[in-house]
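Printed here is protein-v1.cif (mmCIF, C-alpha atoms and all ligand atoms):
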data_my_file
loop_
_atom_site.label_atom_id
_atom_site.label_comp_id
_atom_site.auth_asym_id
_atom_site.auth_seq_id
_atom_site.Cartn_x
_atom_site.Cartn_y
_atom_site.Cartn_z
CA MET E 1 -36.50 171.01 58.21
CA LYS E 2 -34.93 173.02 61.02
CA LYS E 3 -34.52 169.91 63.19
CA ALA E 4 -32.80 167.97 60.42
CA TYR E 5 -30.38 170.88 59.97
CA LEU E 6 -29.57 170.88 63.68
CA VAL E 7 -28.95 167.11 63.77
CA GLY E 8 -26.81 167.44 60.68
CA SER E 9 -24.65 170.12 62.20
CA ILE E 10 -24.23 168.15 65.45
CA ILE E 11 -23.04 165.15 63.43
CA ALA E 12 -20.67 167.42 61.53
CA MET E 13 -19.27 168.76 64.81
CA LEU E 14 -18.80 165.23 66.16
CA LEU E 15 -17.09 164.12 62.99
CA SER E 16 -14.75 167.07 63.04
CA SER E 17 -13.78 166.38 66.66
CA ILE E 18 -13.13 162.72 65.85
CA ALA E 19 -11.04 163.77 62.87
CA CYS E 20 -9.15 166.09 65.18
CA ASP E 21 -8.41 163.31 67.70
CA SER E 22 -7.32 160.83 65.09
CA GLY E 23 -5.04 163.48 63.67
CA ASP E 24 -3.03 163.50 66.93
CA ILE E 25 0.29 161.98 65.92
CA ARG E 26 1.38 161.18 69.47
CA PRO E 27 -1.55 159.79 71.44
CA LYS E 28 -1.10 160.23 75.19
CA GLU E 29 -1.00 156.49 76.01
CA VAL E 30 2.07 155.97 73.83
CA THR E 31 3.98 158.95 75.33
CA ASP E 32 3.34 157.64 78.83
CA GLU E 33 4.79 154.25 77.96
CA GLN E 34 7.99 155.73 76.61
CA GLY E 35 9.94 156.03 79.80
CA CYS E 36 10.03 156.28 83.50
CA THR E 37 10.00 159.35 85.69
CA LEU E 38 12.81 160.48 87.95
CA GLU E 39 11.88 162.53 90.96
CA ALA E 40 14.32 164.00 93.48
CA HIS E 41 14.08 166.15 96.57
CA PHE E 42 16.88 168.38 97.81
CA ARG E 43 17.25 170.61 100.81
CA LEU E 44 19.94 173.17 100.10
CA THR E 45 22.09 174.73 102.81
CA ASN E 46 24.32 177.83 102.59
CA THR E 47 21.93 179.32 100.05
CA GLU E 48 23.69 182.73 100.31
CA ALA E 49 26.17 181.15 97.92
CA PHE E 50 23.43 180.10 95.49
CA PRO E 51 24.98 180.18 92.00
CA ILE E 52 23.36 182.69 89.65
CA ASP E 53 25.74 183.18 86.74
CA TYR E 54 26.19 179.48 86.15
CA ASN E 55 23.32 177.36 84.95
CA PHE E 56 22.33 175.38 88.07
CA VAL E 57 20.45 172.26 86.97
CA PHE E 58 19.31 168.77 87.83
CA GLY E 59 19.80 166.53 84.83
CA VAL E 60 20.57 163.07 83.55
CA PHE E 61 23.69 162.22 81.60
CA ALA E 62 24.71 159.37 79.33
CA ALA E 63 27.81 157.45 80.42
CA GLU E 64 31.02 159.41 79.74
CA SER E 65 29.08 162.52 78.74
CA ASN E 66 29.33 165.98 80.27
CA THR E 67 26.26 167.44 78.60
CA PRO E 68 22.85 166.56 80.04
CA LEU E 69 20.36 164.59 77.93
CA VAL E 70 17.55 166.38 79.76
CA SER E 71 17.68 168.84 82.62
CA VAL E 72 15.60 171.26 84.65
CA ASN E 73 16.81 174.56 86.09
CA ILE E 74 17.02 174.92 89.84
CA LEU E 75 15.56 178.16 91.15
CA ARG E 76 16.75 179.75 94.36
CA PRO E 77 14.65 178.30 97.18
CA ASN E 78 13.63 180.15 100.30
CA ASP E 79 15.50 179.06 103.39
CA GLY E 80 14.53 175.58 104.45
CA GLN E 81 12.28 175.02 101.43
CA VAL E 82 12.66 171.62 99.75
CA VAL E 83 13.45 171.68 96.04
CA THR E 84 11.49 169.04 94.12
CA VAL E 85 12.52 168.17 90.59
CA ARG E 86 10.90 165.77 88.11
CA LEU E 87 12.18 164.49 84.80
CA GLU E 88 9.56 162.67 82.71
CA ASN E 89 10.23 160.12 79.96
CA MET E 90 13.82 159.51 80.84
CA PRO E 91 15.94 158.72 77.79
CA GLU E 92 17.23 155.15 77.55
CA GLU E 93 20.88 156.26 77.60
CA ALA E 94 20.46 157.90 81.03
CA ALA E 95 23.20 156.59 83.31
CA THR E 96 23.80 159.28 85.94
CA ALA E 97 21.67 161.93 87.58
CA LYS E 98 23.48 165.06 88.74
CA LEU E 99 22.73 168.26 90.57
CA CYS E 100 25.35 170.42 88.93
CA LEU E 101 26.55 173.66 87.38
CA LEU E 102 26.76 173.99 83.62
CA ASN E 103 28.96 176.45 81.76
CA SER E 104 27.70 178.41 78.75
CA GLY E 105 28.53 175.42 76.52
CA ARG E 106 26.15 173.29 78.67
CA GLN E 107 29.02 171.20 79.98
CA SER E 108 28.84 170.13 83.60
CA ILE E 109 31.71 171.81 85.43
CA TYR E 110 30.81 171.10 89.04
CA SER E 111 28.60 168.47 90.68
CA PHE E 112 27.02 168.85 94.11
CA PHE E 113 25.34 165.45 93.89
CA GLU E 114 25.65 162.42 91.62
CA GLN E 115 23.84 159.12 91.53
CA THR E 116 23.78 156.33 88.98
CA VAL E 117 20.32 155.59 87.63
CA ASP E 118 19.10 152.32 86.17
CA ILE E 119 16.06 152.79 84.00
CA SER E 120 16.18 149.35 82.36
CA SER E 121 13.56 148.04 84.80
CA GLY E 122 11.14 150.71 83.56
CA ASN E 123 10.24 151.62 87.13
CA ASP E 124 10.00 155.22 88.24
CA ILE E 125 12.93 156.38 90.35
CA LEU E 126 12.69 158.43 93.52
CA ILE E 127 15.72 160.08 95.09
CA PRO E 128 14.64 160.71 98.69
CA GLU E 129 15.26 164.06 100.37
CA THR E 130 18.98 164.78 100.41
CA ILE E 131 20.72 167.67 102.15
CA ILE E 132 23.08 169.51 99.83
CA ASP E 133 25.67 172.00 101.06
CA ILE E 134 26.11 174.37 98.16
CA LEU E 135 29.28 175.86 99.62
CA PRO E 136 31.56 172.88 100.20
CA TYR E 137 35.29 173.69 100.20
CA ASP E 138 35.57 171.48 97.13
CA ARG E 139 33.59 174.07 95.13
CA ILE E 140 36.28 176.67 95.92
CA GLN E 141 39.03 174.24 95.03
CA LYS E 142 37.49 173.29 91.67
CA LEU E 143 35.82 176.54 90.59
CA ILE E 144 38.59 178.91 91.67
CA PHE E 145 41.97 177.26 92.13
CA GLN E 146 41.49 174.76 89.30
CA GLN E 147 39.12 176.56 86.92
CA TYR E 148 41.30 179.72 86.87
CA ASN E 149 44.46 177.65 86.76
CA CYS E 150 46.00 179.10 89.92
CA VAL E 151 47.52 175.64 90.35
CA SER E 152 49.75 176.15 87.30
CA CYS E 153 52.00 178.45 89.39
CA HIS E 154 51.02 177.48 92.93
CA GLN E 155 52.02 173.83 92.86
CA GLY E 156 55.04 171.56 93.11
CA THR E 157 57.49 171.43 95.97
CA SER E 158 57.42 175.16 96.77
CA GLY E 159 55.01 177.07 94.49
CA ALA E 160 54.98 180.81 93.78
CA ALA E 161 55.20 182.79 97.05
CA GLU E 162 55.50 179.42 98.84
CA LEU E 163 51.79 178.89 98.32
CA LEU E 164 50.34 175.59 97.08
CA LEU E 165 46.77 175.63 95.81
CA THR E 166 46.52 171.98 94.75
CA GLU E 167 43.70 169.68 95.84
CA GLY E 168 44.01 168.28 99.33
CA VAL E 169 46.70 170.83 100.22
CA SER E 170 45.26 174.31 99.58
CA TYR E 171 43.07 174.57 102.68
CA HIS E 172 46.01 174.10 105.05
CA GLN E 173 48.00 176.71 103.10
CA LEU E 174 45.36 179.38 103.59
CA ALA E 175 43.27 179.38 106.77
CA ASN E 176 45.24 181.09 109.57
CA VAL E 177 48.52 180.80 107.63
CA PRO E 178 50.77 183.90 107.60
CA SER E 179 51.32 185.50 104.20
CA THR E 180 54.81 185.59 102.73
CA ARG E 181 53.98 189.02 101.24
CA SER E 182 51.82 190.84 103.79
CA ASP E 183 51.25 191.35 107.51
CA LYS E 184 47.76 189.90 107.10
CA ALA E 185 47.17 186.17 107.20
CA ARG E 186 46.45 184.62 103.80
CA VAL E 187 42.95 183.91 105.10
CA THR E 188 41.52 184.91 108.47
CA PRO E 189 38.41 182.79 109.09
CA GLY E 190 35.40 185.04 109.71
CA ASN E 191 37.25 188.19 108.56
CA PRO E 192 37.42 188.95 104.82
CA GLU E 193 39.12 192.33 105.45
CA GLU E 194 42.02 190.56 107.15
CA SER E 195 42.40 187.98 104.38
CA PHE E 196 45.27 188.79 102.00
CA LEU E 197 43.96 186.25 99.45
CA LEU E 198 41.07 188.62 98.67
CA ASP E 199 43.42 191.63 98.41
CA VAL E 200 45.59 189.73 95.94
CA LEU E 201 42.62 188.90 93.74
CA THR E 202 40.89 192.28 93.89
CA GLN E 203 43.49 195.02 94.53
CA THR E 204 46.17 196.05 92.06
CA ASN E 205 49.71 196.29 93.46
CA SER E 206 49.01 193.96 96.38
CA VAL E 207 51.68 191.62 94.97
CA LYS E 208 54.32 192.08 92.26
CA TYR E 209 52.69 189.70 89.84
CA PRO E 210 49.22 191.18 89.11
CA HIS E 211 46.36 188.81 89.97
CA THR E 212 43.38 191.12 89.44
CA GLY E 213 41.32 189.91 86.51
CA LEU E 214 42.42 186.29 86.91
CA VAL E 215 39.05 185.38 88.47
CA THR E 216 36.70 186.49 85.71
CA ARG E 217 33.33 185.81 87.35
CA SER E 218 32.49 188.18 90.18
CA GLU E 219 30.22 185.46 91.53
CA ASP E 220 33.26 183.31 92.27
CA LEU E 221 34.87 186.12 94.27
CA THR E 222 31.60 186.56 96.18
CA MET E 223 31.62 182.84 96.93
CA LEU E 224 35.16 183.14 98.33
CA ARG E 225 34.16 186.09 100.51
CA ILE E 226 31.09 184.28 101.87
CA TRP E 227 33.21 181.22 102.62
CA ILE E 228 35.63 183.39 104.64
CA GLU E 229 32.75 185.20 106.43
CA LYS E 230 31.34 181.81 107.42
CA GLY E 231 34.59 180.88 109.11
CA CYS E 232 36.09 178.77 106.27
CA PRO E 233 34.16 175.49 106.64
CA GLN E 234 36.23 172.56 105.34
C1 LIG E 301 51.47 182.93 86.37
C2 LIG E 301 51.70 182.45 87.72
C3 LIG E 301 50.60 182.68 88.74
C4 LIG E 301 49.27 182.38 88.66
C5 LIG E 301 48.50 181.78 87.47
C6 LIG E 301 48.70 182.70 89.92
N1 LIG E 301 49.65 183.19 90.79
FE1 LIG E 301 49.41 183.74 92.69
N2 LIG E 301 51.31 184.37 92.81
C7 LIG E 301 52.23 184.28 91.78
C8 LIG E 301 53.45 184.97 92.18
C9 LIG E 301 54.72 185.10 91.34
C10 LIG E 301 53.23 185.47 93.48
C11 LIG E 301 54.20 186.29 94.34
C12 LIG E 301 54.13 187.72 93.87
C13 LIG E 301 55.11 188.63 94.63
O1 LIG E 301 56.25 188.21 94.88
O2 LIG E 301 54.71 189.75 95.02
C14 LIG E 301 51.88 185.05 93.85
C15 LIG E 301 51.29 185.33 95.07
C16 LIG E 301 50.03 184.90 95.44
C17 LIG E 301 49.47 185.07 96.75
C18 LIG E 301 50.12 185.67 97.98
C19 LIG E 301 50.73 184.55 98.80
C20 LIG E 301 51.03 184.96 100.21
O3 LIG E 301 51.82 184.26 100.88
O4 LIG E 301 50.46 185.95 100.65
C21 LIG E 301 48.21 184.54 96.72
C22 LIG E 301 47.21 184.47 97.87
C23 LIG E 301 48.00 184.03 95.39
N3 LIG E 301 49.12 184.26 94.64
C24 LIG E 301 46.83 183.44 94.98
C25 LIG E 301 46.57 183.07 93.64
C26 LIG E 301 45.30 182.62 93.17
C27 LIG E 301 44.05 182.42 94.02
C28 LIG E 301 45.44 182.41 91.82
C29 LIG E 301 44.38 182.00 90.83
C30 LIG E 301 43.22 182.84 90.73
C31 LIG E 301 46.81 182.68 91.50
N4 LIG E 301 47.47 183.09 92.62
C32 LIG E 301 47.35 182.54 90.24
C33 LIG E 301 52.04 183.65 90.58
C34 LIG E 301 50.84 183.21 90.09
#
Show this structure as structure tokens.
Amino acid sequence: MKKAYLVGSIIAMLLSSIACDSGDIRPKEVTDEQGCTLEAHFRLTNTEAFPIDYNFVFGVFAAESNTPLVSVNILRPNDGQVVTVRLENMPEEAATAKLCLLNSGRQSIYSFFEQTVDISSGNDILIPETIIDILPYDRIQKLIFQQYNCVSCHQGTSGAAELLLTEGVSYHQLANVPSTRSDKARVTPGNPEESFLLDVLTQTNSVKYPHTGLVTRSEDLTMLRIWIEKGCPQ
């Protein structure tokens, strides 16, 4: 009597576990077949300028799109540590992989690294270790002079205060160039205190047209200061 009860309950347990398995709507084998995996390795340099306010991600994008299909956040690595990122089950529309900054609307506004990806073969993709400078001059050009629209006044044949901040030109208008409004140079490499550019952006009354408040993210001002401290790498 007791034995029969035990056998019965074991069968009941088995049945319930089978029922449970068959109730799984997405069996593992099918999920695994859905797409390939993308793995990438990055070694970041100049990590003092690691972006915190922006969403720093590695993601894949459909052609012509600025919003990632899937992405993973990049956390600040220790110096010299390699950042490894993996995206599983890549969507079929994936066309480009980017290491980039997203704004609050999840639009990519600055890319440190871009590579086209072809997932039609179904093979996994590996992006071998790549060194990424996270403080290239281009980041200053795009995220300060272009994002805050400095170029709207500082462009053309002369530009306000004879300063041009357009792409390809701005660097040579700043580093070691005398100011038209101050005894300081516009930027003194290695010396933020002797760089009038920072005064203009952070001190009221440094120039007649007020510039304080134009750069709305303090992180972008910090980036500018670090760039100057580091001797203004091009
Ligand atoms: C609406 C127009 C306008 C915008 C936008 C603007 N500026 Fe200016 N900027 C001026 C004017 C006008 C002056 C000269 C003010 C004066 O005569 O005292 C000036 C002066 C400067 C100077 C001093 C130049 C020198 O020779 O020392 C710097 C540096 C500067 N701007 C940087 C910027 C940056 C960086 C931005 C974007 C964050 C920016 N400006 C946005 C109009 C503008």
Hey, which of E:Thr180, E:Gln203, E:Ser120, E:Ser195 ends up closest to ligand LIG 301 (chain E)? Count only C-alpha atoms and all ligand atoms.
E:Thr180
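Proximity ranking of E:Asn123, E:Gln147, E:Gln81, E:Thr157 relative to ligand LIG 301 (chain E) places E:Gln147 first, based on all atoms listed in the file.
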Return as a ChimeraX atom specification the residues of protein, DNA or RNA that approach ligand LIG 301 (chain E) to within 6 Å, with all atoms listed in the file taken into account.
/E:145,148-150,152-153,160-161,163,179-182,186,197,200,207-209,214-215
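For the atom pair formed by atom CA of Thr130 of chain E and atom CA of Ser218 of chain E, the distance is 28.9 Å, given to one decimal.
The gap separating atom CA of Leu69 of chain E from atom CA of Glu219 of chain E is 26.8 Å, in Å to one decimal.
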Using only C-alpha atoms, give me every residue within 10 Å of (24.1, 179.9, 102.6) in file coordinates, as number ranges by chain.
E: 44-50, 79, 133-135, 223, 226-227, 230
Can you spit out the residues from that selection as an mmCIF file, in the coordinates of the input, using C-alpha atoms?
data_model
loop_
_atom_site.group_PDB
_atom_site.id
_atom_site.type_symbol
_atom_site.label_atom_id
_atom_site.label_comp_id
_atom_site.auth_asym_id
_atom_site.auth_seq_id
_atom_site.Cartn_x
_atom_site.Cartn_y
_atom_site.Cartn_z
ATOM 1 C CA LEU E 44 19.940 173.170 100.100
ATOM 2 C CA THR E 45 22.090 174.730 102.810
ATOM 3 C CA ASN E 46 24.320 177.830 102.590
ATOM 4 C CA THR E 47 21.930 179.320 100.050
ATOM 5 C CA GLU E 48 23.690 182.730 100.310
ATOM 6 C CA ALA E 49 26.170 181.150 97.920
ATOM 7 C CA PHE E 50 23.430 180.100 95.490
ATOM 8 C CA ASP E 79 15.500 179.060 103.390
ATOM 9 C CA ASP E 133 25.670 172.000 101.060
ATOM 10 C CA ILE E 134 26.110 174.370 98.160
ATOM 11 C CA LEU E 135 29.280 175.860 99.620
ATOM 12 C CA MET E 223 31.620 182.840 96.930
ATOM 13 C CA ILE E 226 31.090 184.280 101.870
ATOM 14 C CA TRP E 227 33.210 181.220 102.620
ATOM 15 C CA LYS E 230 31.340 181.810 107.420
#
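Interatomic distance, atom CA of Glu39 of chain E to atom CA of Pro91 of chain E: 14.3 Å.
With all atoms listed in the file as the atoms that count, the minimum distance from Leu38 of chain E to the choices E:Asn89, E:Thr212, E:Asn55, E:Asn78 is reached by E:Asn89.
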Can you list, as a ChimeraX atom specification, every protein, DNA or RNA residue that comes within 8 Å of Glu114 of chain E when you count only C-alpha atoms, leaving out same-chain residues fewer than 4 positions away?
/E:96-99
Within 10 Å of (38.6, 174.1, 106.7) (coordinates as in the file), grab all the protein and nucleic acid residues, counting only C-alpha atoms, and write them out as a compact mmCIF listing (two decimals) with C-alpha atoms, keeping the file's coordinate frame.
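Okay, this is what ended up in selection.txt:
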# COMPACT_ATOMS: atom_id res chain seq x y z
CA PRO E 136 31.56 172.88 100.20
CA TYR E 137 35.29 173.69 100.20
CA SER E 170 45.26 174.31 99.58
CA TYR E 171 43.07 174.57 102.68
CA HIS E 172 46.01 174.10 105.05
CA LEU E 174 45.36 179.38 103.59
CA ALA E 175 43.27 179.38 106.77
CA PRO E 189 38.41 182.79 109.09
CA TRP E 227 33.21 181.22 102.62
CA ILE E 228 35.63 183.39 104.64
CA GLY E 231 34.59 180.88 109.11
CA CYS E 232 36.09 178.77 106.27
CA PRO E 233 34.16 175.49 106.64
CA GLN E 234 36.23 172.56 105.34
Can you pull out every residue within 12 Å of Val70 of chain E, counting all atoms listed in the file, but drop anything in the same chain fewer than 6 positions away, and send it as a PDB file with C-alpha atoms, in the coordinates of the input?
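Resulting contents of part.pdb:
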ATOM      1  CA  THR E  37      10.000 159.350  85.690  1.00  0.00           C
ATOM      2  CA  LEU E  38      12.810 160.480  87.950  1.00  0.00           C
ATOM      3  CA  VAL E  57      20.450 172.260  86.970  1.00  0.00           C
ATOM      4  CA  PHE E  58      19.310 168.770  87.830  1.00  0.00           C
ATOM      5  CA  GLY E  59      19.800 166.530  84.830  1.00  0.00           C
ATOM      6  CA  VAL E  60      20.570 163.070  83.550  1.00  0.00           C
ATOM      7  CA  PHE E  61      23.690 162.220  81.600  1.00  0.00           C
ATOM      8  CA  ALA E  62      24.710 159.370  79.330  1.00  0.00           C
ATOM      9  CA  ARG E  86      10.900 165.770  88.110  1.00  0.00           C
ATOM     10  CA  LEU E  87      12.180 164.490  84.800  1.00  0.00           C
ATOM     11  CA  GLU E  88       9.560 162.670  82.710  1.00  0.00           C
ATOM     12  CA  ASN E  89      10.230 160.120  79.960  1.00  0.00           C
ATOM     13  CA  MET E  90      13.820 159.510  80.840  1.00  0.00           C
ATOM     14  CA  PRO E  91      15.940 158.720  77.790  1.00  0.00           C
ATOM     15  CA  GLU E  92      17.230 155.150  77.550  1.00  0.00           C
ATOM     16  CA  GLU E  93      20.880 156.260  77.600  1.00  0.00           C
ATOM     17  CA  ALA E  94      20.460 157.900  81.030  1.00  0.00           C
ATOM     18  CA  ALA E  95      23.200 156.590  83.310  1.00  0.00           C
ATOM     19  CA  THR E  96      23.800 159.280  85.940  1.00  0.00           C
ATOM     20  CA  ALA E  97      21.670 161.930  87.580  1.00  0.00           C
ATOM     21  CA  LYS E  98      23.480 165.060  88.740  1.00  0.00           C
ATOM     22  CA  ARG E 106      26.150 173.290  78.670  1.00  0.00           C
TER      23      ARG E 106
END
Across E:Ser206, E:Gln146, E:Phe56, E:Arg43, the smallest distance to Ser104 of chain E, with all atoms listed in the file counted, is shown by E:Phe56
With a distance cut-off of 12 Å and all atoms listed in the file, select the neighbouring residues of Gln173 of chain E, excluding the residue or stretch itself and same-chain residues fewer than 5 positions from it, and output the selection as number ranges by chain.
E: 154-155, 158-159, 161-168, 178-180, 185-188, 197
Using only C-alpha atoms, determine which residues lie at most 8 Å from Ser108 of chain E, disregarding the query and same-chain residues fewer than 6 positions distant; provide the list as a PyMOL selection string.
chain E and resi 66-68+100-102
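With distances restricted to all atoms listed in the file, E:Gly190 is the closest residue to Glu229 of chain E from E:Gly105, E:Gly190, E:Pro51, E:Gly213.
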Nearest-residue call for Leu224 of chain E, choices E:Asn73, E:Thr116, E:Gln141, E:Ser111, using all atoms listed in the file
E:Gln141
